[in-house]
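K.L.:
There's a structure below that I have some questions on.
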Amino acid sequence: MKFFGPITAFGLAALVAGAAQAAEIKIAMNSADDPAISGEASFAHGFADALEGTDFTVAIYPSETLGKEKERMDQVAQGLLEVNLAAASTAYAMSPLLKGVTLPFYFSNDKEMDAAIEAGNLMPAFNEPLLENGIRLVGLNYIGVPMGFHNAKMPISTMDDVTKLRFRALNPEQLELIEAMGSNGTIIAWAEVANAIQTGVADGYFNPPNSAIRNGHTSFLKYFTPADLFPSSRAIVISDDWYQSLSDEEKAQIDTAIEAGIEANRAWLAEWSVNVSAKQEELGVTITPLAEGEREKIAAVAEPLWGETLTPEQFQLWEDAKAASK
């Protein structure tokens, strides 16, 4: 059964206007359309460039122009939106196995996670419940280096430092991690994060550096610790109804464009990873690495959460995939 939800008035108008051009592909995303600092934009432009010379045209809708996360996913399910860069949490609401991409300290970096997904052939398992909703997952898009600790008050180099601060949590799973580390947290919607931190409701959050950079949060989040919690990714989803309506030649063109978008994203990530620390320092952010042995301490308290996030069967699939990738 497909799930349906509200579409914003602006989004509906854009979709109706786009429907007049059968060959137009709409890409929606959360980030700004700036390939210099946005991993989402790097994918979108790589995808669009690969379709030049075909009958397809690509329209990029940045910054939630077509609605927020659930609205955009609903549009994909209805066949109104062809391509969407969705939060992993929005996708794993339907496909719980996908929660493995956010297990804290399970993967050290994006390359390990990519290798495990490929070696374990996990995509069909991810897609089984998604396809029932008219949604097809075609890959992961990285939005920066792995997650770290941002805060407005003090350098963090130990787990004890973490206990002195209150963090914004994205979801219940992240709240459990915060509490497992001995800290306090509260779930806050992203749109309310800046105000919450500036008014003292929270002291910081867990995110890759570019989340703070592109949202202007570095004006008050002056401390960052690169904890490498897990690779920061978004789910690349497409409308399966739309995809199945294409000819074999058109499907091949779309497949090629998706591969090109992913390659462009990985190339962006490689360059961004080298330059992001300098960018943070230019913005007045103090970068403090974890002291020796502290990442292992945090990982030890996070590991029991893996079994709470995934069922034993789901976790075993990830374990097998990880083993196959070595």
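How things are named: the first chain in the structure tokens is A, the next is B, and so on; residues count from 1 in each chain; ligands count from 1 in the order shown.
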Using only C-alpha atoms, find each residue in range 125-190 of chain A having at least one atom no more than 9 Å away from range 99-119 of chain A; report its shortest atom-to-atom pair and that distance in Å (one decimal), rows by chain then rising number, as a tab-separated table.

P.N.:
residue	atom	partner	partner_atom	distance
A:Leu140	CA	A:Asp114	CA	8.4
A:Tyr142	CA	A:Asp110	CA	7.8
A:Val145	CA	A:Asn109	CA	8.0
A:Pro146	CA	A:Asn109	CA	6.6
A:Gln174	CA	A:Pro104	CA	8.9
A:Leu177	CA	A:Pro104	CA	8.0

K.L.:
Using N, CA, C and O atoms, can you export the residues from the last selection as a JSON list (two decimals), in the first residue's frame?

P.N.:
[["chain", "number", "residue", "atom", "x", "y", "z"],
["A", 140, "LEU", "N", 23.21, 5.72, -1.76],
["A", 140, "LEU", "CA", 23.39, 6.65, -0.65],
["A", 140, "LEU", "C", 24.22, 7.83, -1.12],
["A", 140, "LEU", "O", 25.15, 7.67, -1.92],
["A", 142, "TYR", "N", 26.50, 11.03, 0.30],
["A", 142, "TYR", "CA", 27.14, 11.54, 1.51],
["A", 142, "TYR", "C", 27.11, 13.07, 1.53],
["A", 142, "TYR", "O", 27.34, 13.72, 0.52],
["A", 145, "VAL", "N", 31.81, 14.75, 5.98],
["A", 145, "VAL", "CA", 32.61, 13.79, 6.73],
["A", 145, "VAL", "C", 31.75, 13.22, 7.85],
["A", 145, "VAL", "O", 30.67, 13.73, 8.13],
["A", 146, "PRO", "N", 32.17, 12.14, 8.51],
["A", 146, "PRO", "CA", 31.33, 11.53, 9.55],
["A", 146, "PRO", "C", 30.92, 12.50, 10.66],
["A", 146, "PRO", "O", 31.55, 13.52, 10.90],
["A", 174, "GLN", "N", 19.03, 8.59, 18.54],
["A", 174, "GLN", "CA", 20.12, 9.51, 18.89],
["A", 174, "GLN", "C", 20.02, 9.95, 20.34],
["A", 174, "GLN", "O", 21.04, 10.13, 21.02],
["A", 177, "LEU", "N", 21.62, 7.36, 22.45],
["A", 177, "LEU", "CA", 23.09, 7.46, 22.41],
["A", 177, "LEU", "C", 23.57, 8.57, 23.34],
["A", 177, "LEU", "O", 24.53, 8.38, 24.10]]

K.L.:
Mind checking which residues fall within 9 Å of Lys164 in chain A, counting only C-alpha atoms, ignoring those fewer than 4 positions away in the same chain, and posting them as an MDAnalysis selection string?

P.N.:
chainID A and resid 160 182:184

K.L.:
Rank nothing, just name the residue among A:Val138, A:Gly79, A:Arg166, A:Glu173 nearest to Thr309 in chain A, using only C-alpha atoms.

P.N.:
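So, comparing all the options, the nearest one is A:Glu173.
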
K.L.:
Considering only C-alpha atoms, return as a ChimeraX atom specification whatever protein or nucleic-acid residues lie within 6 Å of Gly148 in chain A, sequence-local ones (same chain, fewer than 2 positions apart) excluded.

P.N.:
/A:206-208,225-228

K.L.:
Tell me which of A:Gly144, A:Glu71, A:Gly139, A:Thr256 sits closest to Glu52 in chain A, counting only C-alpha atoms.

P.N.:
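Using only C-alpha atoms, the shortest distance to Glu52 in chain A belongs to A:Thr256.
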